[in-house]
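Please read the structure below before turning to the comments.
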Amino acid sequence: MNYRFRYAPSPTGVLHVGNARTAIFNWLLARHYSSKLILRIEDTDKERSTPESEKAIIEDLKWLGLDWDEGPDVGGDCGPYRQSQRSSLYEEHQKLLLEKKAAYECFCTPDELKKTREELLSLGKMPKYNGKCLNLSPKHIQELKDQKKPFVIRFYVKPGPPVVVDDIVRGTVKFEREVIGDFVIFRSDGGPTYQLACVVDDSLMKITHVIRGDDHLSNTPKQILMNDAFGFTSPKFGHLPMVLGADRKKLSKRHGACSVGEYKQQGYVSSAFLNFLVLLGWSCETSEEILNTERLIKEFSEDRLSSSPSIFETNKLDWMNGQYIRQLSLEEFYRLERPFLEKDLALSQVDESWLKQVLKVLQTSVAKLTDVTDQLQIFLKDKFLIEDDVIKETAKDLDFKKVLIALSKILEDNPDIDFDDLKKQLQNETSLKGKKLFHPLRYAMTGRKNGPELALVMPLLPKNELKLRVDKLLKETS
RNA sequence: GUCCCCAUCGUCUAGGCUGGUCUAGGACACCAGGUUUUCAUCCUGGUAACAGGGGUUCAAAUCCCCUUGGGGACGCCA
């Protein structure tokens, strides 16, 4: 299929979860239909756009495993792909609109605009532009220009039948023209606004499908009107429901982590994160939930998109991340863990095969990549810590003490004893079993109440370390 | 305020368009049991929802209307 989808972020910050989902849906659609995905940088807001932000967004998109066929970093036939580099194109189109009387100069000052806005609001009407400058004579316009009065260019929304948006996810949505004010398409500094740049670019870049957030739905009639004025065919539109926080408000920093980068740092696997995000507003026909990228591309389709907003919550994400971690090969797991381990471990000083054995043990239980760095403390001599709860519980239980004393003795007599023999001897000498036997053993060995299987932990501990730990716990609880 | 969108378990959702097979299914979380002489994984089971009201119909989660609630837009932001 020769469809052309696009993802058009504005580089004014990091990649947010909701925007990431929009990007993913566009990518999935493009790949599903063997079509093209275009990345366009919407940096018409000179104040807020930064190159760093563009770089960060691209990096996050790549982390998610997305790629694109045309864009500022990969080029393409419809470039440049940054709106800041397309000024002449917008200016040409401005002239076209002015000539067709589909746009006009507006000399109203921000103060005037604010005043009429407030008046309309107090009357209970939609605060749209009142059209004051619509019928300025050419002579008057020239005079004002000669006086160097600042002006903007507005699009003229002519009276007419309602504008109908035939939306891929919402169906037919009608907008009366009366509620659409004449909107600004060029600022007083001569730069285009989003409305104009978006329409011109979507057309020039031959975009066939505009899949974007719900917050753009009410921009759509404006864009259709502009397309009509230019004589362009409007692309198909699809408006995705918002991603909300736990309080049902638009997801933001107040809700905690809301950017892709933060989840990367927290130790989520990108494929799991992508899988999870896809399920926010889309479901597979087979009702499967764990779907790798290949399956996702195969199964994804626009007609299973939901139209109601979803709340971004992490408990299922955690579970899913754990599932993905368990599916990883040991090599892959090690590769993903490296950046996290490097933070507090000099990897060059650590025996790689030992580390891999530790990872193998931990892989069966952790939910996040960062959980490993935490659990790793169990295996390291100088990071070992005894939890307060462990001390408390051991101190109040005489049987626990009994086990520890026996344990210390066994290890003293036979420092090289293996786990099976240790277990047997311990049971013989204390006549205890089950939790009474294993809990104190676990507490001494790991310093924690939770952790991996003891039989697997013991052989990976430094030599003579267990004896030291037993004695330490004994000392701290006496 | 006005316009637009949305409304199924706590959360993600199936079902809705094409009304009956829905005493509403799955997943996460939670709870209980099991496996593991410990922890986790894992397995089994359980609690839990069609926002409210009217209508259409033999029959409504499904279609229509109203109310309520939520969201978005109304910018020389995108």
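Chain labels A, B, ... are given in the sequence in which chains occur in the structure tokens; within each chain residues are numbered consecutively from 1, and ligands are likewise numbered from 1 in the order shown.
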Hey, could you make a per-residue contact list for chain A against chain B with 8 Å as the cut-off, showing the nearest pair of atoms and its distance in Å to one decimal, counting only C-alpha atoms (C1' of nucleotides), sorted by chain and number, as CSV?
```
residue,atom,partner,partner_atom,distance
A:Ser10,CA,B:A78,C1',6.6
A:Glu42,CA,B:A78,C1',7.7
A:Asp45,CA,B:C77,C1',7.3
A:Leu121,CA,B:G1,C1',5.8
A:Ser122,CA,B:G1,C1',7.0
A:Leu123,CA,B:G1,C1',7.5
A:Gly124,CA,B:G1,C1',4.2
A:Lys125,CA,B:U2,C1',4.9
A:Met126,CA,B:U2,C1',4.3
A:Pro127,CA,B:C74,C1',6.1
A:Lys128,CA,B:C74,C1',6.7
A:Val152,CA,B:C76,C1',6.8
A:Phe175,CA,B:C4,C1',7.9
A:Val179,CA,B:C3,C1',6.6
A:Val184,CA,B:C76,C1',7.0
A:Phe186,CA,B:C76,C1',7.4
A:Arg187,CA,B:C76,C1',4.5
A:Ser188,CA,B:C76,C1',6.1
A:Thr193,CA,B:C76,C1',7.9
A:Tyr194,CA,B:A78,C1',6.3
A:Asp214,CA,B:G72,C1',7.0
A:Asp215,CA,B:G72,C1',5.4
A:His216,CA,B:A73,C1',7.9
A:Leu217,CA,B:C4,C1',7.7
A:Ser218,CA,B:A73,C1',5.7
A:Asn219,CA,B:A73,C1',7.9
A:Arg248,CA,B:G70,C1',7.1
A:Lys249,CA,B:G71,C1',7.2
A:Lys250,CA,B:G71,C1',7.9
A:Leu279,CA,B:C12,C1',7.0
A:Leu280,CA,B:C12,C1',6.6
A:Ser283,CA,B:U13,C1',7.3
A:Ser287,CA,B:G26,C1',7.2
A:Glu289,CA,B:A27,C1',7.4
A:Ser307,CA,B:C6,C1',7.2
A:Ser308,CA,B:C6,C1',5.3
A:Pro309,CA,B:C6,C1',7.0
A:Ser310,CA,B:C12,C1',7.7
A:Ile311,CA,B:U11,C1',7.4
A:Glu313,CA,B:U11,C1',6.5
A:Asn315,CA,B:C28,C1',6.4
A:Lys316,CA,B:C28,C1',4.5
A:Trp319,CA,B:C28,C1',7.2
A:Thr364,CA,B:U41,C1',6.0
A:Ser365,CA,B:A40,C1',5.5
A:Lys433,CA,B:U37,C1',5.7
A:Gly434,CA,B:U37,C1',4.2
A:Lys435,CA,B:U38,C1',5.9
A:Leu437,CA,B:U38,C1',7.8
A:Phe438,CA,B:U38,C1',4.4
A:His439,CA,B:U38,C1',5.6
A:Arg442,CA,B:U38,C1',6.7
A:Lys449,CA,B:C39,C1',7.2
A:Asn450,CA,B:C39,C1',4.9
A:Gly451,CA,B:C39,C1',5.1
A:Pro452,CA,B:C39,C1',5.8
A:Glu453,CA,B:C39,C1',6.2
A:Leu454,CA,B:U38,C1',7.4
```
Could you please write out, as a PyMOL selection string, every residue of segment 40-181 of chain A that DSSP assigns to helix (DSSP H, G or I)? chain A and resi 51-63+83-85+87-99+110-122+138-146+177-179
As JSON, numbers by chain, please: the residues near Ala102 of chain A (cut-off 12 Å, only C-alpha atoms (C1' of nucleotides), same-chain neighbours under 5 positions excluded). {"A": [93, 94, 95, 96, 97, 134, 153, 154, 155, 156, 157, 158, 159, 182, 183, 185, 225, 226, 227, 228, 229, 230, 231]}
Given only C-alpha atoms as the counted atoms, nearest of A:Leu89, A:Pro150, A:Asp167, A:Ser271 to Leu204 of chain A: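 The shortest atom-to-atom distance to Leu204 of chain A comes from A:Leu89.
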Between B:A49, B:A61, B:C42, B:C30, which one has atoms that come closest to G15 of chain B, using only C-alpha atoms (C1' of nucleotides)?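 Closest residue, counting only C-alpha atoms (C1' of nucleotides): B:A61.
For the atom pair formed by atom CA of Gln147 of chain A and atom CA of Arg117 of chain A, the distance is 26.2 Å, given to one decimal.
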So which residues of segment 228-283 of chain A fall under strand (DSSP E) by DSSP, listed as a list in words?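 Of segment 228-283 of chain A, only Lys236, Phe237, Gly238, His239, Leu240, Val243 and Leu244 of chain A fall in strand (DSSP E).
If you look at atom CA of Glu299 of chain A and atom CA of Leu317 of chain A, they are 20.5 Å away from each other.
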Of the candidates A:Thr208, A:Ser252, A:Asn135, A:Thr116, which shows the shortest atom-to-atom distance to Asn19 of chain A, using only C-alpha atoms?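 Residue with the minimum atom-to-atom distance to Asn19 of chain A: A:Ser252.
Minimum atom-to-atom distances from B:C31, B:C65, B:U57, B:U18 to G45 of chain B were compared using only C-alpha atoms (C1' of nucleotides), and the lowest value belongs to B:C31.
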Find, counting only C-alpha atoms (C1' of nucleotides), the residue in B:G33, B:G25, B:C9, B:G53 that gets nearest to C66 of chain B.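 Selected residue with least distance to C66 of chain B: B:G53.
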For a test of reading the model, state the distance in Å between atom CA of Val210 of chain A and atom CA of Thr22 of chain A, rounded to one decimal. 10.4 Å
Of A:Ile141, A:Leu473, A:Leu466, A:Val14, the one sitting nearest Glu59 of chain A when using only C-alpha atoms is A:Val14
